[in-house]
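Colleague: Structure supplied as start_25.txt; contents: compact mmCIF, C-alpha atoms.
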```txt
# COMPACT_ATOMS: atom_id res chain seq x y z
CA MET A 78 -12.43 17.29 32.18
CA THR A 79 -10.08 14.47 33.13
CA ALA A 80 -10.23 10.93 31.80
CA GLY A 81 -12.38 8.77 34.01
CA ARG A 82 -10.54 5.51 33.40
CA GLY A 83 -7.20 4.58 34.84
CA ALA A 84 -4.47 6.59 33.16
CA PRO A 85 -2.52 4.59 30.56
CA ASP A 86 1.26 4.47 30.41
CA VAL A 87 1.19 5.32 26.70
CA VAL A 88 -1.33 7.05 24.46
CA VAL A 89 -1.19 6.11 20.77
CA ILE A 90 -2.91 8.63 18.50
CA GLY A 91 -4.31 6.92 15.42
CA ALA A 92 -5.60 3.38 14.84
CA GLY A 93 -4.00 2.77 11.47
CA VAL A 94 -1.78 -0.27 11.10
CA ALA A 95 1.29 1.56 12.46
CA GLY A 96 -0.51 2.62 15.63
CA LEU A 97 -2.08 -0.81 16.10
CA ALA A 98 1.29 -2.56 15.69
CA CYS A 99 2.85 -0.19 18.22
CA ALA A 100 0.02 -0.85 20.66
CA GLN A 101 0.31 -4.62 20.18
CA ASP A 102 3.98 -4.66 21.09
CA LEU A 103 3.52 -2.36 24.08
CA VAL A 104 0.66 -4.47 25.44
CA ALA A 105 2.76 -7.61 24.97
CA ALA A 106 5.43 -5.96 27.15
CA GLY A 107 2.91 -5.30 29.92
CA VAL A 108 2.41 -1.61 29.21
CA ALA A 109 -1.05 -0.05 29.61
CA VAL A 110 -1.99 1.52 26.27
CA ARG A 111 -4.89 3.59 25.01
CA VAL A 112 -5.34 4.10 21.27
CA LEU A 113 -7.34 7.23 20.37
CA GLU A 114 -8.86 7.25 16.88
CA ALA A 115 -10.71 10.24 15.45
CA SER A 116 -12.81 8.28 12.94
CA ASP A 117 -15.51 5.66 13.46
CA GLY A 118 -13.29 2.66 12.67
CA VAL A 119 -9.76 1.32 12.73
CA GLY A 120 -7.49 1.14 9.70
CA GLY A 121 -6.78 4.67 8.52
CA ARG A 122 -6.44 4.35 4.74
CA MET A 123 -6.90 0.57 4.97
CA ARG A 124 -10.68 0.50 5.27
CA SER A 125 -13.53 -1.07 3.33
CA ASP A 126 -17.15 0.01 2.85
CA ARG A 127 -20.34 -1.51 1.51
CA VAL A 128 -21.75 0.59 -1.33
CA ASP A 129 -25.04 -0.61 -2.83
CA GLY A 130 -24.14 -4.20 -2.06
CA PHE A 131 -20.55 -3.94 -3.36
CA LEU A 132 -17.46 -4.20 -1.13
CA VAL A 133 -15.23 -1.21 -1.88
CA ASP A 134 -11.84 -0.46 -0.39
CA ARG A 135 -10.95 3.19 0.16
CA GLY A 136 -8.65 3.20 -2.83
CA PHE A 137 -7.22 0.21 -4.68
CA GLN A 138 -5.27 -2.05 -2.33
CA VAL A 139 -3.25 -5.25 -2.49
CA PHE A 140 -1.95 -7.38 0.36
CA ASN A 141 1.49 -8.97 0.16
CA THR A 142 1.90 -12.22 2.08
CA SER A 143 5.70 -12.09 2.21
CA TYR A 144 6.06 -9.08 4.50
CA PRO A 145 7.80 -10.19 7.75
CA GLN A 146 5.59 -7.99 9.92
CA VAL A 147 2.49 -9.44 8.28
CA GLN A 148 3.65 -12.99 8.92
CA ARG A 149 4.52 -12.13 12.50
CA ARG A 150 1.22 -10.48 13.43
CA LEU A 151 -1.56 -12.00 11.36
CA SER A 152 -3.14 -15.39 10.73
CA LEU A 153 -3.20 -15.48 6.94
CA PRO A 154 -5.76 -18.34 6.76
CA ALA A 155 -8.13 -16.31 8.95
CA LEU A 156 -8.09 -13.48 6.40
CA ALA A 157 -9.46 -15.81 3.68
CA LEU A 158 -7.03 -14.39 1.15
CA ARG A 159 -7.91 -14.40 -2.55
CA PRO A 160 -4.88 -14.22 -4.87
CA PHE A 161 -4.26 -12.14 -7.95
CA THR A 162 -2.72 -13.87 -10.96
CA PRO A 163 1.09 -13.94 -10.44
CA GLY A 164 1.72 -11.69 -13.41
CA VAL A 165 0.39 -8.72 -15.33
CA LEU A 166 -1.41 -8.00 -18.59
CA ILE A 167 0.13 -5.16 -20.59
CA HIS A 168 -2.08 -3.30 -23.06
CA THR A 169 0.10 -2.22 -25.99
CA GLU A 170 -0.54 -0.74 -29.43
CA SER A 171 -0.39 -4.33 -30.71
CA GLY A 172 -2.86 -5.73 -28.19
CA ARG A 173 -2.44 -7.40 -24.82
CA ARG A 174 0.79 -9.00 -23.75
CA ARG A 175 1.13 -11.20 -20.68
CA LEU A 176 4.15 -11.17 -18.39
CA THR A 177 4.01 -13.99 -15.84
CA ASP A 178 6.56 -15.42 -13.47
CA PRO A 179 7.33 -18.88 -14.94
CA ARG A 180 8.30 -20.16 -11.48
CA SER A 181 4.63 -20.10 -10.49
CA GLN A 182 3.22 -20.85 -13.95
CA PRO A 183 5.71 -22.93 -15.97
CA SER A 184 3.37 -22.81 -18.97
CA ALA A 185 4.14 -19.08 -19.25
CA LEU A 186 7.73 -19.83 -20.26
CA ALA A 187 6.78 -20.48 -23.89
CA GLY A 188 5.12 -17.08 -24.13
CA LEU A 189 8.18 -15.37 -22.71
CA LEU A 190 10.55 -17.18 -25.05
CA SER A 191 8.46 -16.15 -28.05
CA GLY A 192 9.90 -12.66 -27.76
CA ARG A 193 6.49 -10.97 -27.89
CA VAL A 194 6.95 -9.51 -24.41
CA ALA A 195 10.70 -9.24 -24.03
CA GLY A 196 13.77 -9.96 -26.08
CA ALA A 197 16.65 -12.20 -25.05
CA ARG A 198 18.57 -9.35 -23.39
CA ASP A 199 15.60 -8.31 -21.24
CA LEU A 200 14.73 -11.91 -20.32
CA ALA A 201 18.29 -12.45 -19.15
CA ALA A 202 18.18 -9.24 -17.14
CA LEU A 203 14.83 -10.28 -15.60
CA GLY A 204 16.27 -13.62 -14.56
CA ALA A 205 19.34 -12.02 -13.01
CA LEU A 206 17.24 -9.42 -11.19
CA ALA A 207 14.89 -12.08 -9.84
CA ALA A 208 17.76 -14.24 -8.60
CA SER A 209 19.55 -11.33 -6.96
CA ASP A 210 16.57 -9.71 -5.26
CA ALA A 211 14.84 -12.92 -4.19
CA LEU A 212 17.95 -14.53 -2.69
CA LEU A 213 19.91 -11.67 -1.16
CA PRO A 214 18.99 -10.86 2.45
CA PRO A 215 17.24 -7.49 2.93
CA HIS A 216 20.18 -5.92 4.77
CA ARG A 217 22.36 -6.46 1.68
CA LEU A 218 19.80 -4.75 -0.54
CA LYS A 219 19.51 -1.83 1.87
CA ARG A 220 23.26 -1.22 1.78
CA ARG A 221 23.55 -0.91 -1.97
CA PRO A 222 24.43 2.54 -3.35
CA ASP A 223 21.17 4.38 -3.93
CA ARG A 224 20.00 5.97 -7.16
CA SER A 225 16.73 6.20 -9.06
CA THR A 226 14.86 3.07 -10.12
CA ARG A 227 15.32 4.08 -13.76
CA ALA A 228 19.09 4.24 -13.30
CA ALA A 229 19.08 0.88 -11.51
CA LEU A 230 17.12 -0.77 -14.33
CA ALA A 231 19.51 0.59 -16.95
CA GLU A 232 22.46 -0.66 -14.91
CA ALA A 233 20.78 -4.09 -14.67
CA GLY A 234 20.86 -4.34 -18.48
CA PHE A 235 17.22 -3.70 -19.44
CA THR A 236 16.54 -2.02 -22.76
CA ASP A 237 14.75 1.33 -22.80
CA ALA A 238 11.96 -0.28 -24.83
CA PHE A 239 11.25 -2.91 -22.19
CA VAL A 240 11.41 -0.36 -19.37
CA GLU A 241 8.78 1.72 -21.19
CA ARG A 242 6.67 -1.31 -22.08
CA PHE A 243 6.64 -2.98 -18.68
CA PHE A 244 8.47 -1.38 -15.76
CA ARG A 245 7.26 2.18 -16.21
CA PRO A 246 3.51 1.43 -16.45
CA PHE A 247 3.65 -1.31 -13.81
CA LEU A 248 5.76 0.54 -11.24
CA SER A 249 3.72 3.71 -11.70
CA GLY A 250 0.91 1.89 -9.94
CA VAL A 251 3.24 0.61 -7.23
CA PHE A 252 4.99 3.89 -6.37
CA LEU A 253 2.35 6.36 -7.64
CA GLU A 254 4.81 8.22 -9.85
CA ASP A 255 5.55 7.70 -13.54
CA ARG A 256 9.16 8.85 -13.88
CA LEU A 257 10.81 5.89 -12.13
CA GLU A 258 12.47 8.34 -9.75
CA THR A 259 11.75 6.23 -6.66
CA SER A 260 14.78 5.04 -4.69
CA ALA A 261 16.36 1.90 -6.12
CA ARG A 262 16.72 0.57 -2.56
CA VAL A 263 12.95 0.79 -2.14
CA PHE A 264 12.40 -0.78 -5.57
CA HIS A 265 14.64 -3.77 -4.82
CA LEU A 266 12.94 -4.41 -1.48
CA VAL A 267 9.46 -4.18 -3.03
CA TRP A 268 10.50 -6.37 -5.97
CA ARG A 269 11.89 -8.90 -3.52
CA SER A 270 8.61 -9.01 -1.64
CA MET A 271 6.69 -9.61 -4.87
CA LEU A 272 8.99 -12.44 -5.89
CA ARG A 273 8.78 -14.14 -2.50
CA GLY A 274 5.09 -13.65 -1.74
CA ALA A 275 1.67 -13.49 -3.31
CA LEU A 276 -0.48 -10.44 -3.95
CA CYS A 277 -3.95 -11.02 -2.52
CA LEU A 278 -7.08 -9.43 -1.14
CA PRO A 279 -8.93 -10.58 1.97
CA ALA A 280 -12.41 -11.84 1.17
CA ASP A 281 -13.84 -9.15 3.48
CA GLY A 282 -11.76 -6.35 1.92
CA ILE A 283 -8.52 -4.75 3.00
CA GLY A 284 -10.23 -3.46 6.14
CA ALA A 285 -10.04 -7.01 7.51
CA VAL A 286 -6.31 -6.50 8.11
CA PRO A 287 -6.49 -3.66 10.68
CA ARG A 288 -9.57 -5.23 12.25
CA ALA A 289 -7.51 -8.37 12.90
CA LEU A 290 -4.72 -6.30 14.42
CA ALA A 291 -7.19 -4.46 16.67
CA ALA A 292 -8.84 -7.73 17.74
CA ALA A 293 -5.55 -8.80 19.33
CA LEU A 294 -5.67 -5.82 21.74
CA PRO A 295 -7.57 -5.67 25.04
CA ASP A 296 -11.25 -4.85 24.57
CA ASP A 297 -10.97 -1.31 25.96
CA ALA A 298 -7.67 -0.39 24.33
CA VAL A 299 -9.10 1.43 21.30
CA ARG A 300 -11.43 4.42 21.61
CA LEU A 301 -13.08 5.47 18.36
CA GLU A 302 -14.44 8.93 17.49
CA THR A 303 -11.95 10.46 19.89
CA GLY A 304 -9.89 13.05 18.10
CA VAL A 305 -6.89 14.64 19.79
CA GLU A 306 -6.73 18.42 19.86
CA ARG A 307 -3.23 18.85 21.23
CA LEU A 308 -0.40 17.32 23.18
CA THR A 309 0.00 18.53 26.74
CA GLY A 310 2.83 18.46 29.20
CA ASP A 311 1.54 15.24 30.73
CA GLY A 312 -0.40 13.57 27.92
CA VAL A 313 -3.03 14.73 25.44
CA GLU A 314 -6.23 16.73 25.30
CA THR A 315 -9.03 15.38 23.13
CA ALA A 316 -11.26 17.42 20.82
CA ALA A 317 -13.98 17.10 23.47
CA GLY A 318 -11.74 18.73 26.09
CA GLU A 319 -10.88 15.51 27.91
CA SER A 320 -7.44 15.30 29.47
CA VAL A 321 -5.76 11.92 29.05
CA PRO A 322 -2.51 11.74 31.03
CA ALA A 323 0.26 9.42 29.87
CA ARG A 324 3.98 9.02 30.36
CA ALA A 325 4.56 8.78 26.60
CA VAL A 326 2.62 9.72 23.47
CA VAL A 327 2.99 8.08 20.05
CA VAL A 328 1.57 10.01 17.11
CA ALA A 329 0.63 7.35 14.55
CA THR A 330 -1.45 9.45 12.18
CA GLY A 331 -1.05 10.56 8.60
CA PRO A 332 1.44 13.34 7.85
CA GLY A 333 -1.06 16.22 8.07
CA PRO A 334 -2.35 15.46 11.57
CA ALA A 335 1.19 14.56 12.69
CA VAL A 336 2.47 18.01 11.73
CA ALA A 337 -0.57 19.64 13.37
CA LEU A 338 0.24 17.90 16.66
CA ILE A 339 4.05 18.18 16.43
CA PRO A 340 4.85 21.13 14.13
CA ASP A 341 8.59 20.40 14.06
CA VAL A 342 8.24 16.86 12.69
CA GLU A 343 9.56 16.41 9.15
CA VAL A 344 7.34 14.60 6.65
CA PRO A 345 7.95 13.91 2.95
CA ASP A 346 5.80 14.99 0.05
CA TYR A 347 2.92 12.65 -0.67
CA ARG A 348 1.36 11.16 -3.80
CA THR A 349 -2.36 11.46 -4.49
CA VAL A 350 -4.30 8.70 -6.21
CA THR A 351 -7.93 8.38 -7.32
CA THR A 352 -9.71 5.08 -7.86
CA TYR A 353 -12.88 4.81 -9.96
CA TYR A 354 -15.16 1.89 -9.17
CA HIS A 355 -17.39 0.78 -12.04
CA ALA A 356 -20.07 -1.91 -11.88
CA PRO A 357 -20.65 -3.63 -15.24
CA GLU A 358 -23.45 -6.13 -15.67
CA ARG A 359 -20.86 -8.82 -16.44
CA SER A 360 -17.12 -9.24 -16.02
CA PRO A 361 -15.05 -7.79 -18.90
CA LEU A 362 -12.07 -10.04 -18.01
CA HIS A 363 -12.55 -13.50 -16.56
CA GLU A 364 -9.38 -13.69 -14.53
CA PRO A 365 -7.98 -11.98 -11.39
CA THR A 366 -5.22 -10.14 -13.20
CA LEU A 367 -3.82 -6.61 -12.99
CA LEU A 368 -3.89 -4.81 -16.33
CA VAL A 369 -1.61 -1.85 -17.16
CA ASP A 370 -1.44 0.46 -20.15
CA THR A 371 1.72 1.41 -22.07
CA ARG A 372 0.07 4.75 -22.93
CA ARG A 373 -0.28 5.35 -19.18
CA ARG A 374 -3.86 6.62 -19.37
CA PHE A 375 -4.33 5.02 -15.96
CA LEU A 376 -2.09 3.34 -13.40
CA ASN A 377 -3.80 -0.03 -13.41
CA THR A 378 -7.20 -1.63 -13.65
CA CYS A 379 -8.58 -4.91 -12.34
CA VAL A 380 -11.86 -6.80 -12.12
CA LEU A 381 -11.96 -7.07 -8.34
CA SER A 382 -14.91 -9.45 -8.39
CA GLU A 383 -12.67 -11.95 -10.20
CA VAL A 384 -10.20 -11.70 -7.32
CA ALA A 385 -12.82 -11.98 -4.58
CA ALA A 386 -16.37 -12.83 -5.57
CA SER A 387 -17.53 -11.23 -2.31
CA CYS A 388 -16.73 -7.79 -3.78
CA ALA A 389 -19.90 -7.79 -5.90
CA PRO A 390 -23.48 -9.03 -5.59
CA PRO A 391 -24.34 -12.22 -7.52
CA GLY A 392 -24.50 -11.59 -11.25
CA ARG A 393 -22.56 -8.30 -11.11
CA ALA A 394 -18.91 -7.33 -11.52
CA LEU A 395 -16.71 -4.68 -9.90
CA VAL A 396 -13.88 -2.97 -11.79
CA ALA A 397 -11.34 -0.73 -9.98
CA THR A 398 -9.20 1.66 -12.03
CA SER A 399 -6.66 4.03 -10.48
CA VAL A 400 -5.13 7.24 -11.83
CA LEU A 401 -2.53 9.63 -10.49
CA GLY A 402 -3.80 12.78 -8.83
CA ALA A 403 -7.26 13.94 -7.90
CA ASP A 404 -10.55 13.56 -9.72
CA ALA A 405 -11.31 16.31 -12.23
CA GLU A 406 -14.06 17.25 -14.63
CA GLY A 407 -13.93 15.16 -17.78
CA ARG A 408 -11.49 12.62 -16.37
CA GLU A 409 -13.96 9.80 -15.81
CA PRO A 410 -15.51 9.95 -19.33
CA ALA A 411 -12.01 9.85 -20.84
CA LEU A 412 -11.19 6.91 -18.60
CA ARG A 413 -14.24 5.04 -19.89
CA GLU A 414 -12.88 5.38 -23.44
CA ALA A 415 -9.56 3.88 -22.36
CA LEU A 416 -11.28 1.06 -20.48
CA SER A 417 -13.45 0.26 -23.50
CA GLU A 418 -10.29 -0.18 -25.53
CA VAL A 419 -8.24 -2.23 -23.08
CA TYR A 420 -11.11 -4.52 -22.03
CA GLY A 421 -12.73 -4.78 -25.46
CA ALA A 422 -16.08 -3.87 -23.90
CA ASP A 423 -18.46 -0.91 -23.90
CA ALA A 424 -17.39 0.78 -20.67
CA GLY A 425 -19.69 3.68 -21.51
CA ARG A 426 -22.57 1.54 -20.28
CA TRP A 427 -20.97 0.71 -16.93
CA GLU A 428 -22.45 2.14 -13.74
CA LEU A 429 -20.10 4.48 -11.88
CA LEU A 430 -20.43 3.15 -8.34
CA THR A 431 -18.14 5.53 -6.46
CA VAL A 432 -14.90 7.52 -6.73
CA ARG A 433 -12.30 7.47 -3.97
CA THR A 434 -9.45 9.99 -3.85
CA VAL A 435 -6.65 9.43 -1.32
CA PRO A 436 -4.66 12.67 -0.97
CA GLU A 437 -1.91 11.14 1.18
CA ALA A 438 -1.76 7.71 -0.41
CA LEU A 439 2.00 7.11 -0.45
CA PRO A 440 5.08 9.13 0.48
CA ALA A 441 7.45 10.21 -2.25
CA MET A 442 10.59 8.10 -1.93
CA ALA A 443 13.20 9.58 -4.23
CA ALA A 444 16.86 8.60 -3.90
CA PRO A 445 18.75 8.79 -1.65
CA GLN A 446 16.18 7.22 0.66
CA GLU A 447 16.71 6.68 4.37
CA LEU A 448 15.07 3.34 5.11
CA THR A 449 15.29 3.32 8.89
CA ARG A 450 14.44 6.41 10.93
CA THR A 451 14.04 6.87 14.64
CA THR A 452 10.51 7.56 15.80
CA ARG A 453 11.71 9.60 18.79
CA VAL A 454 11.17 13.34 18.20
CA ALA A 455 11.30 14.69 21.79
CA PRO A 456 11.35 13.29 25.32
CA GLY A 457 8.23 11.16 25.67
CA ARG A 458 7.10 12.01 22.11
CA TYR A 459 7.25 9.59 19.16
CA VAL A 460 5.97 9.60 15.58
CA CYS A 461 5.42 6.51 13.44
CA GLY A 462 3.73 5.65 10.15
CA ASP A 463 4.56 5.02 6.51
CA HIS A 464 6.03 8.53 6.27
CA ARG A 465 8.80 7.30 8.60
CA ALA A 466 9.47 4.17 6.52
CA THR A 467 9.17 2.79 2.97
CA GLY A 468 5.52 3.58 2.35
CA SER A 469 4.29 -0.02 2.34
CA VAL A 470 2.20 -1.98 4.83
CA GLN A 471 5.46 -3.58 5.93
CA GLY A 472 6.99 -0.14 6.42
CA ALA A 473 4.07 1.14 8.46
CA LEU A 474 3.99 -1.95 10.67
CA ALA A 475 7.76 -1.87 11.13
CA SER A 476 7.61 1.82 12.04
CA GLY A 477 5.01 1.04 14.70
CA ALA A 478 7.19 -1.76 16.03
CA ARG A 479 10.20 0.58 16.13
CA ALA A 480 8.16 3.15 18.07
CA ALA A 481 7.23 0.50 20.64
CA ARG A 482 10.88 -0.53 21.04
CA GLU A 483 11.98 3.07 21.56
CA VAL A 484 9.17 3.77 24.02
CA LEU A 485 10.08 0.69 26.03
CA ARG A 486 13.72 1.72 25.99
CA ASP A 487 12.90 5.21 27.25
CA LEU A 488 9.96 4.59 29.59
CA PRO A 489 11.01 4.86 33.23
CA SER A 490 10.60 1.65 35.16
CA ARG A 491 7.19 1.38 36.75
```
Could the structure of this file be written out as structure tokens, please?

Modeller:
Amino acid sequence: MTAGRGAPDVVVIGAGVAGLACAQDLVAAGVAVRVLEASDGVGGRMRSDRVDGFLVDRGFQVFNTSYPQVQRRLSLPALALRPFTPGVLIHTESGRRRLTDPRSQPSALAGLLSGRVAGARDLAALGALAASDALLPPHRLKRRPDRSTRAALAEAGFTDAFVERFFRPFLSGVFLEDRLETSARVFHLVWRSMLRGALCLPADGIGAVPRALAAALPDDAVRLETGVERLTGDGVETAAGESVPARAVVVATGPGPAVALIPDVEVPDYRTVTTYYHAPERSPLHEPTLLVDTRRRFLNTCVLSEVAASCAPPGRALVATSVLGADAEGREPALREALSEVYGADAGRWELLTVRTVPEALPAMAAPQELTRTTRVAPGRYVCGDHRATGSVQGALASGARAAREVLRDLPSR
């Protein structure tokens, strides 16, 4: 069976943010594009669901306002962003400690100078790191010699004690690995984005981001529930046996489907993360703050309903807690014990709303890390996504933009 509509110039497989960004740029250049998405909605891993009246993202998500691709493509006011506290609570053997950027909250300076969170050496190193990463242009950070994040922190002058107390538990939730083996180039770029922007959530969940990207495309550009079985010599064949001819094909899926469609494509290892969503009767922490644990019993936990009240029905709260790896028998009861301790509440009484495991949540990005990779894998064949970039929303969007540029460069004149 052949596609009944006019044949597009380019088929994009996958309506995640990389595929949507690619399609946006191609459409802006006057290219006819069709985006084929196997699922029933856009967004890939960036989707949100309603569960018993609660708004639940498919895994814990944050949205960084400083990403250049985000600022270029999205109206931030339209997303109704709700900010997290610009800092973190650290649960230690001696109780909670707060680490907050004094630039955004000057009152936090007294707490920092007290020495309860960091000593003079670590405060000086934090100041130097903030000045360097916030002020240097990204291309300078990308050209630095690469090594592990742990090695970079030691070179920056941080004590081992502070690295274990703050950086290791905090960055475990950022990079989904707890050895600080992630590329220092990636770390500096991510740290820069945190210093220059705000971490937020859209009031309608993280799924609002890809929906906004898709809304900028022509009405018939995206076809949902249309999986692609294989690439053909002149386009693609869908799972339903439909032939969709195109002069170029961009595979903008996760790593598994990408390899299935183009077996020779190289993809990195991926990190798995599981998020447990609990619904207490009342909020155990009355602030929109990320909480980490020096014992690393979880990656991070947060009362999402304090960030965005729309996440929970009136009179209820929603707590999201993420751990490395997949769900396993006995893991959730043990997690409740840890949450009871860190929140000072009886988490054993909380309702378990849902559990979301994301097997391909983030690519492993050990040093040395190549930050810019071509998307071109064969004549008329391109691959984009966070596995071709730095694993962030910025990386995925930039990879989609790079795919569009390379397609436009290669596409024969019409």

Colleague: Compare A:Val344, A:Ala438, A:Val119, A:Leu362 by their minimum atom-to-atom distance to A:Gly421, counting only C-alpha atoms, and give me the closest one.

Modeller: A:Leu362

Colleague: Could you check how far atom CA of A:Pro287 sits from atom CA of A:Gly468, in Å to one decimal?

Modeller: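 Value for the atom CA of A:Pro287-atom CA of A:Gly468 distance: 16.3 Å.
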
Colleague: I want to know what sits within 10 Å of stretch 121-129 of chain A, based on only C-alpha atoms, with residues of the same chain fewer than 5 positions away left out; could you give that as a ChimeraX atom specification?

Modeller: /A:91-96,114-116,134-138,281-288,329-331,388-390,430-431,435,437-438,470

Colleague: With a distance cut-off of 12 Å and all atoms listed in the file, select the neighbouring residues of A:Ala455, excluding the residue or stretch itself and same-chain residues fewer than 4 positions from it, and output the selection as an MDAnalysis selection string.

Modeller: chainID A and resid 310 325:328 339:342 451 459:460 483:484 487

Colleague: Calculate how many Å separate atom CA of A:Ala444 from atom CA of A:His216, rounding to one decimal.

Modeller: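 The value is 17.2 Å.
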
Colleague: Ranking A:Ala228, A:Leu376, A:Ala323, A:Leu416 by minimum distance to A:Ile90 and counting only C-alpha atoms, which one comes first?

Modeller: A:Ala323

Colleague: From (-12.7, -9.1, -13.3), in the file's coordinates, out to 6 Å: which residues are reached, counting all atoms listed in the file? Answer as a PyMOL selection string.

Modeller: chain A and resi 360+362-365+379-383

Colleague: Edge lengths and centre, in Å to one decimal, as AutoDock Vina command-line options: that's what I need for the box along x, y and z that holds all listed atoms of stretch 339-344 of chain A plus 6 Å on each side.

Modeller:
```
--center_x 6.8 --center_y 17.9 --center_z 11.5 --size_x 17.5 --size_y 18.5 --size_z 21.8
```

Colleague: Hey, what's within 12 Å of A:Ala405 if we count all atoms listed in the file and toss same-chain stuff fewer than 5 positions away? As a PyMOL selection string, please?

Modeller: chain A and resi 350-351+353+400+410-412+432+434

Colleague: Do you have the atom CA of A:Val165-atom CA of A:Thr259 distance handy?

Modeller: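 Atom-to-atom, atom CA of A:Val165 and atom CA of A:Thr259 are spaced 20.7 Å apart.
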
Colleague: Could you name the residues that touch A:Phe239 at 10 Å or less, counting only C-alpha atoms, but leaving out those on the same chain fewer than 5 positions away, as an MDAnalysis selection string?

Modeller: chainID A and resid 194:196 198:200 244:245

Colleague: Considering all atoms listed in the file, can you say which of A:Pro295, A:Pro160, A:Gly477, A:Gly250 comes closest to A:Arg373?

Modeller: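 Comparing A:Pro295, A:Pro160, A:Gly477, A:Gly250 against A:Arg373, the winner is A:Gly250.
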
Colleague: Between A:Gly402, A:Pro357, A:Pro445, A:Pro322, single out the one closest to A:Leu429, counting only C-alpha atoms.

Modeller: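 The closest residue to A:Leu429 is A:Pro357.
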
Colleague: Counting all atoms listed in the file, figure out which residue out of A:Arg408, A:Arg486, A:Arg426, A:Arg273 gets nearest to A:Pro163.

Modeller: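 Using all atoms listed in the file, A:Pro163 sits closest to A:Arg273.
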
Colleague: Extract, using only C-alpha atoms, all DNA, RNA and protein residues at most 12 Å from stretch 145-149 of chain A, discarding same-chain residues fewer than 4 positions from it, and format them as a short mmCIF file (atom, residue, chain, number, x, y, z; two decimals) with C-alpha atoms, in the frame of the given file.

Modeller:
```cif
data_model
loop_
_atom_site.label_atom_id
_atom_site.label_comp_id
_atom_site.auth_asym_id
_atom_site.auth_seq_id
_atom_site.Cartn_x
_atom_site.Cartn_y
_atom_site.Cartn_z
CA VAL A 94 -1.78 -0.27 11.10
CA ALA A 95 1.29 1.56 12.46
CA ALA A 98 1.29 -2.56 15.69
CA CYS A 99 2.85 -0.19 18.22
CA GLN A 101 0.31 -4.62 20.18
CA ASP A 102 3.98 -4.66 21.09
CA PHE A 140 -1.95 -7.38 0.36
CA ASN A 141 1.49 -8.97 0.16
CA LEU A 153 -3.20 -15.48 6.94
CA PRO A 154 -5.76 -18.34 6.76
CA LEU A 156 -8.09 -13.48 6.40
CA PRO A 215 17.24 -7.49 2.93
CA SER A 270 8.61 -9.01 -1.64
CA ARG A 273 8.78 -14.14 -2.50
CA GLY A 274 5.09 -13.65 -1.74
CA VAL A 286 -6.31 -6.50 8.11
CA PRO A 287 -6.49 -3.66 10.68
CA ALA A 289 -7.51 -8.37 12.90
CA LEU A 290 -4.72 -6.30 14.42
CA SER A 469 4.29 -0.02 2.34
CA VAL A 470 2.20 -1.98 4.83
CA GLN A 471 5.46 -3.58 5.93
CA GLY A 472 6.99 -0.14 6.42
CA ALA A 473 4.07 1.14 8.46
CA LEU A 474 3.99 -1.95 10.67
CA ALA A 475 7.76 -1.87 11.13
CA SER A 476 7.61 1.82 12.04
CA GLY A 477 5.01 1.04 14.70
CA ALA A 478 7.19 -1.76 16.03
CA ARG A 479 10.20 0.58 16.13
#
```

Colleague: With only C-alpha atoms as the atoms that count, which of A:Ala337, A:Leu213, A:Leu203, A:Ala261 lies nearest to A:Arg307?

Modeller: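 Checking each candidate against A:Arg307, we get A:Ala337 as the closest.
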
Colleague: Where atoms are missing, can you supply N, CA and C atoms for stretch 151-160 of chain A and output the lot as a PDB file, in the frame of the given file?

Modeller:
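For reference, selection.pdb as written:
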```pdb
ATOM      1  N   LEU A 151      -0.242 -11.648  11.877  1.00  0.00           N
ATOM      2  CA  LEU A 151      -1.560 -12.000  11.360  1.00  0.00           C
ATOM      3  C   LEU A 151      -1.661 -13.483  11.022  1.00  0.00           C
ATOM      4  N   SER A 152      -2.846 -14.044  11.204  1.00  0.00           N
ATOM      5  CA  SER A 152      -3.140 -15.390  10.730  1.00  0.00           C
ATOM      6  C   SER A 152      -3.637 -15.260   9.293  1.00  0.00           C
ATOM      7  N   LEU A 153      -2.813 -15.642   8.336  1.00  0.00           N
ATOM      8  CA  LEU A 153      -3.200 -15.480   6.940  1.00  0.00           C
ATOM      9  C   LEU A 153      -4.421 -16.328   6.584  1.00  0.00           C
ATOM     10  N   PRO A 154      -4.542 -17.582   7.075  1.00  0.00           N
ATOM     11  CA  PRO A 154      -5.760 -18.340   6.760  1.00  0.00           C
ATOM     12  C   PRO A 154      -7.029 -17.652   7.253  1.00  0.00           C
ATOM     13  N   ALA A 155      -6.943 -16.965   8.396  1.00  0.00           N
ATOM     14  CA  ALA A 155      -8.130 -16.310   8.950  1.00  0.00           C
ATOM     15  C   ALA A 155      -8.608 -15.159   8.073  1.00  0.00           C
ATOM     16  N   LEU A 156      -7.715 -14.596   7.264  1.00  0.00           N
ATOM     17  CA  LEU A 156      -8.090 -13.480   6.400  1.00  0.00           C
ATOM     18  C   LEU A 156      -8.801 -13.954   5.127  1.00  0.00           C
ATOM     19  N   ALA A 157      -8.819 -15.256   4.886  1.00  0.00           N
ATOM     20  CA  ALA A 157      -9.460 -15.810   3.680  1.00  0.00           C
ATOM     21  C   ALA A 157      -8.963 -15.075   2.434  1.00  0.00           C
ATOM     22  N   LEU A 158      -7.656 -15.151   2.222  1.00  0.00           N
ATOM     23  CA  LEU A 158      -7.030 -14.390   1.150  1.00  0.00           C
ATOM     24  C   LEU A 158      -7.380 -14.952  -0.230  1.00  0.00           C
ATOM     25  N   ARG A 159      -7.620 -14.050  -1.160  1.00  0.00           N
ATOM     26  CA  ARG A 159      -7.910 -14.400  -2.550  1.00  0.00           C
ATOM     27  C   ARG A 159      -6.798 -13.838  -3.425  1.00  0.00           C
ATOM     28  N   PRO A 160      -6.085 -14.683  -4.162  1.00  0.00           N
ATOM     29  CA  PRO A 160      -4.880 -14.220  -4.870  1.00  0.00           C
ATOM     30  C   PRO A 160      -5.177 -13.582  -6.229  1.00  0.00           C
TER      31      PRO A 160
END
```
